[in-house]
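**Q** Right, I'll just put the structure down here and ask away after.
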Amino acid sequence: MDMKPLALIATLALSFNAHAAGGHHHGTGSVEAAIDGGQIRIALELPLESAVGFERAPKTDKEKAALADAAKLLNDANAIFVPTPATQCTVESSQVSIPHTDGAPADKDGHPDVDATYVFRCANPAALKGVETTLFKHFKRLYRLEARRVGPTGQGSMRLSAKQPTLSW
C-alpha cells in the first residue's frame, strides 16, 4: 500500500481515537475510510457477538456454520462495501481477522472483535460520493457503526445504521 504520509498519519490518528474512546459494545462497531489518490482504505472493527450472536468458541454445528458464514461474507469486500459505482473501484486487497477461525488471534479480554482492512483501487476517484455497507442486512444484531473518513476534501464522521448505510463525502 502506497499511502502518502499525511493520509497515513490521519488514518492512524483515526484508528487510535476509535480504540481509545470506543471500547467493545455489542451491536456497535466502527468503520474508517481513508482516500489517497485512487485508493480507498477501509478499516472495520465490530464485536464478534454482533456478527454471529456469541463471543466464545462455537459449540454446536449451527454456531460453527454461523461463524463460517460470517467469515465468508467478511472476506468478500465487494459484498459488504460498495463505493459510488462511477468510481469504478476494484478490490486490491483485504485482510480479515475473525476470532475462533483458523489463524485468528485469541481475544485477551473475553470480548473478541472482528478486525478487517479492505483496500479498493479506483479508476475515477473524483466521482466518489460515498461508500455503502450491506453489513446491516447480513448481521441483524449490528445496529450502529461509528464511521470516520479522511481524504482530499477533508475529514468527517457520521453514524451508520440500517436506515443510513452510506458513509458520504
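Just remember, in the C-alpha cells the first chain shown is A, the second B, etc., residues are 1-based per chain, and ligands are 1-based in the order shown.
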Excluding same-chain residues fewer than 2 positions from Gln95 of chain A, what lies within 10 Å of it counting only C-alpha atoms, as a short mmCIF file (atom, residue, chain, number, x, y, z; two decimals) with N, CA and C atoms, in the first residue's frame?

**A**
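Result written to selection-v3.cif:
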```cif
data_model
loop_
_atom_site.label_atom_id
_atom_site.label_comp_id
_atom_site.auth_asym_id
_atom_site.auth_seq_id
_atom_site.Cartn_x
_atom_site.Cartn_y
_atom_site.Cartn_z
N ALA A 43 -11.13 0.37 7.17
CA ALA A 43 -10.87 -0.45 8.34
C ALA A 43 -12.19 -0.67 9.08
N LEU A 74 -17.37 -11.65 5.33
CA LEU A 74 -16.39 -10.61 5.67
C LEU A 74 -15.14 -10.67 4.79
N ASN A 75 -14.86 -11.80 4.20
CA ASN A 75 -13.73 -11.92 3.28
C ASN A 75 -14.08 -11.50 1.86
N ALA A 77 -15.00 -8.37 0.17
CA ALA A 77 -15.13 -6.91 0.29
C ALA A 77 -16.22 -6.35 -0.62
N SER A 93 -6.92 -5.46 -2.07
CA SER A 93 -6.51 -6.41 -1.03
C SER A 93 -7.52 -6.38 0.11
N SER A 97 -9.50 -10.66 10.23
CA SER A 97 -9.19 -11.48 11.40
C SER A 97 -10.50 -11.71 12.15
N ASP A 115 -11.70 -7.79 13.10
CA ASP A 115 -10.88 -6.69 12.60
C ASP A 115 -10.59 -6.96 11.13
N ALA A 116 -10.86 -5.97 10.29
CA ALA A 116 -10.64 -6.17 8.86
C ALA A 116 -10.17 -4.87 8.22
N THR A 117 -9.36 -5.03 7.19
CA THR A 117 -8.92 -3.89 6.39
C THR A 117 -9.09 -4.26 4.92
N TYR A 118 -9.75 -3.37 4.19
CA TYR A 118 -10.01 -3.58 2.77
C TYR A 118 -9.41 -2.41 2.00
N VAL A 119 -8.80 -2.70 0.86
CA VAL A 119 -8.23 -1.64 0.01
C VAL A 119 -8.84 -1.78 -1.38
#
```

**Q** Which of segment 66-108 of chain A end up as strand (DSSP E) when DSSP is run on this backbone - answer as JSON, numbers by chain?

**A** {"A": [81, 82, 83, 89, 90, 91, 92, 93, 94, 95, 96, 97]}

**Q** His100 of chain A: which residues within 12 Å, counting only C-alpha atoms, same-chain residues fewer than 4 positions away excluded, as an MDAnalysis selection string?

**A** chainID A and resid 48:49 52 54:59 63:64 66:68 70:71 104:107 111:114

**Q** Write the residues of the selection above to a file with C-alpha atoms, as a PDB file, in the first residue's frame.

**A**
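Now in again-v7.pdb:
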```
ATOM      1  CA  LEU A  48     -17.925 -10.948  17.125  1.00  0.00           C
ATOM      2  CA  GLU A  49     -21.232 -11.152  19.007  1.00  0.00           C
ATOM      3  CA  VAL A  52     -22.687 -14.272  14.929  1.00  0.00           C
ATOM      4  CA  PHE A  54     -21.879 -15.281  20.543  1.00  0.00           C
ATOM      5  CA  GLU A  55     -18.322 -14.498  21.632  1.00  0.00           C
ATOM      6  CA  ARG A  56     -16.921 -17.825  22.787  1.00  0.00           C
ATOM      7  CA  ALA A  57     -15.687 -20.618  20.571  1.00  0.00           C
ATOM      8  CA  PRO A  58     -18.608 -22.220  18.705  1.00  0.00           C
ATOM      9  CA  LYS A  59     -20.060 -25.310  20.388  1.00  0.00           C
ATOM     10  CA  GLU A  63     -22.731 -21.924  15.672  1.00  0.00           C
ATOM     11  CA  LYS A  64     -19.885 -23.301  13.569  1.00  0.00           C
ATOM     12  CA  ALA A  66     -22.737 -19.082  11.600  1.00  0.00           C
ATOM     13  CA  LEU A  67     -19.041 -18.397  12.126  1.00  0.00           C
ATOM     14  CA  ALA A  68     -18.136 -19.877   8.718  1.00  0.00           C
ATOM     15  CA  ALA A  70     -19.683 -14.625   8.702  1.00  0.00           C
ATOM     16  CA  ALA A  71     -16.087 -15.369   7.678  1.00  0.00           C
ATOM     17  CA  ALA A 104      -7.071 -15.588  14.152  1.00  0.00           C
ATOM     18  CA  PRO A 105      -5.506 -14.353  17.393  1.00  0.00           C
ATOM     19  CA  ALA A 106      -7.182 -15.269  20.671  1.00  0.00           C
ATOM     20  CA  ASP A 107      -9.001 -12.446  22.408  1.00  0.00           C
ATOM     21  CA  HIS A 111     -14.690  -9.785  24.204  1.00  0.00           C
ATOM     22  CA  PRO A 112     -13.442 -10.811  20.744  1.00  0.00           C
ATOM     23  CA  ASP A 113     -13.687  -8.406  17.821  1.00  0.00           C
ATOM     24  CA  VAL A 114     -13.649  -8.845  14.076  1.00  0.00           C
TER      25      VAL A 114
END
```

**Q** Using Å and a single decimal, report how far atom CA of Phe136 of chain A sits from atom CA of Ala34 of chain A.

**A**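 Atom CA of Ala34 of chain A sits 21.4 Å away from atom CA of Phe136 of chain A.
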
**Q** Could you list, as a list of chain:residue names, every residue within 9 Å of Met158 of chain A, counting only C-alpha atoms and ignoring same-chain residues fewer than 6 positions away?

**A**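 With the cut-off at 9 Å, the set is A:Leu145, A:Glu146, A:Ala147, A:Arg148, A:Arg149, A:Leu167, A:Ser168.
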
**Q** Please produce a file of the residues just selected, as a short mmCIF file (atom, residue, chain, number, x, y, z; two decimals), in the first residue's frame, where the atoms kept are all heavy atoms.

**A**
```
data_model
loop_
_atom_site.label_atom_id
_atom_site.label_comp_id
_atom_site.auth_asym_id
_atom_site.auth_seq_id
_atom_site.Cartn_x
_atom_site.Cartn_y
_atom_site.Cartn_z
N LEU A 145 -22.77 1.67 13.29
CA LEU A 145 -21.34 1.78 13.01
C LEU A 145 -20.95 3.25 13.15
O LEU A 145 -21.56 4.12 12.52
CB LEU A 145 -21.01 1.32 11.59
CG LEU A 145 -21.04 -0.16 11.30
CD1 LEU A 145 -20.91 -0.42 9.80
CD2 LEU A 145 -19.94 -0.88 12.05
N GLU A 146 -19.97 3.51 13.98
CA GLU A 146 -19.42 4.86 14.08
C GLU A 146 -18.42 4.97 12.94
O GLU A 146 -17.46 4.20 12.87
CB GLU A 146 -18.75 5.08 15.43
CG GLU A 146 -19.71 5.00 16.61
CD GLU A 146 -20.81 6.03 16.58
OE1 GLU A 146 -20.62 7.13 16.00
OE2 GLU A 146 -21.89 5.76 17.13
N ALA A 147 -18.66 5.89 12.02
CA ALA A 147 -17.86 5.97 10.80
C ALA A 147 -17.07 7.28 10.76
O ALA A 147 -17.58 8.34 11.13
CB ALA A 147 -18.77 5.89 9.58
N ARG A 148 -15.84 7.15 10.29
CA ARG A 148 -14.97 8.30 10.11
C ARG A 148 -14.35 8.21 8.74
O ARG A 148 -14.09 7.13 8.24
CB ARG A 148 -13.86 8.30 11.17
CG ARG A 148 -14.38 8.50 12.57
CD ARG A 148 -13.29 8.14 13.58
NE ARG A 148 -13.81 8.08 14.92
CZ ARG A 148 -14.47 7.04 15.44
NH1 ARG A 148 -14.67 5.97 14.73
NH2 ARG A 148 -14.91 7.07 16.67
N ARG A 149 -14.09 9.38 8.15
CA ARG A 149 -13.48 9.41 6.82
C ARG A 149 -12.47 10.53 6.75
O ARG A 149 -12.58 11.55 7.44
CB ARG A 149 -14.53 9.60 5.74
CG ARG A 149 -15.27 10.92 5.90
CD ARG A 149 -16.01 11.31 4.65
NE ARG A 149 -16.79 12.51 4.86
CZ ARG A 149 -16.31 13.75 4.89
NH1 ARG A 149 -15.02 13.95 4.74
NH2 ARG A 149 -17.10 14.78 5.07
N LEU A 167 -21.62 5.92 4.06
CA LEU A 167 -20.66 6.92 4.53
C LEU A 167 -20.48 7.87 3.35
O LEU A 167 -19.97 7.48 2.29
CB LEU A 167 -19.34 6.26 4.91
CG LEU A 167 -18.19 7.17 5.32
CD1 LEU A 167 -18.60 8.04 6.50
CD2 LEU A 167 -16.95 6.35 5.66
N SER A 168 -20.92 9.11 3.53
CA SER A 168 -20.95 10.09 2.43
C SER A 168 -19.81 11.09 2.53
O SER A 168 -19.34 11.41 3.59
CB SER A 168 -22.27 10.85 2.45
OG SER A 168 -23.35 9.95 2.33
#
```

**Q** With only C-alpha atoms as the atoms that count, which of A:Ile40, A:Ile35, A:Leu46, A:Ala65 lies nearest to Val96 of chain A?

**A** A:Leu46

**Q** Excluding Gly130 of chain A and any residue of its chain fewer than 3 positions from it, enumerate the residues within 9 Å of it, using only C-alpha atoms, and give them as an MDAnalysis selection string.

**A** chainID A and resid 82:84 166:169

**Q** With all heavy atoms kept, could you save the residues just selected as a compact mmCIF listing (two decimals), in the first residue's frame?

**A**
```txt
# COMPACT_ATOMS: atom_id res chain seq x y z
N VAL A 82 -19.63 -0.93 -0.95
CA VAL A 82 -19.92 -0.57 -2.33
C VAL A 82 -19.64 0.93 -2.52
O VAL A 82 -20.46 1.77 -2.19
CB VAL A 82 -21.40 -0.88 -2.69
CG1 VAL A 82 -21.66 -0.57 -4.15
CG2 VAL A 82 -21.75 -2.33 -2.35
N PRO A 83 -18.45 1.26 -3.05
CA PRO A 83 -18.17 2.67 -3.37
C PRO A 83 -19.08 3.14 -4.51
O PRO A 83 -19.60 2.33 -5.28
CB PRO A 83 -16.71 2.65 -3.82
CG PRO A 83 -16.15 1.37 -3.29
CD PRO A 83 -17.30 0.41 -3.28
N THR A 84 -19.27 4.44 -4.64
CA THR A 84 -20.04 5.00 -5.73
C THR A 84 -19.66 4.30 -7.04
O THR A 84 -18.47 4.26 -7.38
CB THR A 84 -19.75 6.51 -5.87
OG1 THR A 84 -19.94 7.15 -4.60
CG2 THR A 84 -20.60 7.16 -6.93
N THR A 166 -24.78 4.50 4.29
CA THR A 166 -23.76 5.06 3.40
C THR A 166 -22.92 6.12 4.09
O THR A 166 -23.47 7.10 4.62
CB THR A 166 -24.42 5.65 2.14
OG1 THR A 166 -25.18 4.63 1.49
CG2 THR A 166 -23.38 6.19 1.18
N LEU A 167 -21.62 5.92 4.06
CA LEU A 167 -20.66 6.92 4.53
C LEU A 167 -20.48 7.87 3.35
O LEU A 167 -19.97 7.48 2.29
CB LEU A 167 -19.34 6.26 4.91
CG LEU A 167 -18.19 7.17 5.32
CD1 LEU A 167 -18.60 8.04 6.50
CD2 LEU A 167 -16.95 6.35 5.66
N SER A 168 -20.92 9.11 3.53
CA SER A 168 -20.95 10.09 2.43
C SER A 168 -19.81 11.09 2.53
O SER A 168 -19.34 11.41 3.59
CB SER A 168 -22.27 10.85 2.45
OG SER A 168 -23.35 9.95 2.33
N TRP A 169 -19.42 11.59 1.34
CA TRP A 169 -18.43 12.66 1.25
C TRP A 169 -19.11 13.93 0.83
O TRP A 169 -20.05 14.00 0.16
CB TRP A 169 -17.35 12.30 0.21
CG TRP A 169 -16.26 11.50 0.82
CD1 TRP A 169 -15.08 11.97 1.28
CD2 TRP A 169 -16.28 10.09 1.10
NE1 TRP A 169 -14.34 10.94 1.79
CE2 TRP A 169 -15.06 9.78 1.70
CE3 TRP A 169 -17.19 9.07 0.91
CZ2 TRP A 169 -14.73 8.50 2.12
CZ3 TRP A 169 -16.87 7.80 1.30
CH2 TRP A 169 -15.65 7.52 1.90
```

**Q** Looking at only C-alpha atoms, which of A:Ala162, A:Ala126, A:Ala51, A:Leu73 is the one that sits closest to Gln88 of chain A?

**A**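 Closest candidate: A:Ala126.
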
**Q** Rounded to one decimal, what separation in Å do you get between atom CA of Glu92 of chain A and atom CA of Pro165 of chain A?

**A**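 Separation of atom CA of Glu92 of chain A and atom CA of Pro165 of chain A: 22.5 Å.
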
**Q** For Pro125 of chain A, which of A:Leu44, A:Gln39, A:Gln155, A:His138 is the closest residue, counting only C-alpha atoms?

**A**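 The answer is A:Gln39, which sits nearest to Pro125 of chain A.
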
**Q** When distances are computed from only C-alpha atoms, which of A:Leu160, A:Leu142, A:Val91, A:Val150 shows the smallest separation from Arg121 of chain A?

**A**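 Ranking A:Leu160, A:Leu142, A:Val91, A:Val150 by distance to Arg121 of chain A, first place goes to A:Val91.
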
**Q** Which parts of segment 83-148 of chain A does DSSP call helix (DSSP H, G or I) when run on the backbone here, written out as a ChimeraX atom specification?

**A** /A:85-87,125-127,135-138

**Q** Do you know which residues are at most 8 Å from Ala123 of chain A counting only C-alpha atoms, after dropping those on the same chain fewer than 6 positions away, and could you put them as an NGL selection string?

**A** :A and (38 or 87-89)

**Q** Go ahead and dump the residues you just picked, N, CA and C atoms, as a CSV table (one decimal), in the first residue's frame.

**A**
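So again_32.csv came out as:
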```csv
chain,number,residue,atom,x,y,z
A,38,GLY,N,-6.0,7.3,-6.0
A,38,GLY,CA,-7.0,6.3,-6.5
A,38,GLY,C,-7.3,5.2,-5.5
A,87,THR,N,-17.0,5.4,-9.7
A,87,THR,CA,-15.6,5.5,-9.3
A,87,THR,C,-14.8,4.3,-10.0
A,88,GLN,N,-15.6,3.2,-10.4
A,88,GLN,CA,-15.0,2.0,-11.0
A,88,GLN,C,-13.9,1.4,-10.1
A,89,CYS,N,-14.3,1.1,-8.8
A,89,CYS,CA,-13.4,0.6,-7.9
A,89,CYS,C,-13.3,-1.0,-8.0
```

**Q** What is the atom CA of Leu135 of chain A to atom CA of Ile80 of chain A distance in Å?

**A**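 Spanning atom CA of Leu135 of chain A to atom CA of Ile80 of chain A is a straight-line distance of 5.8 Å.
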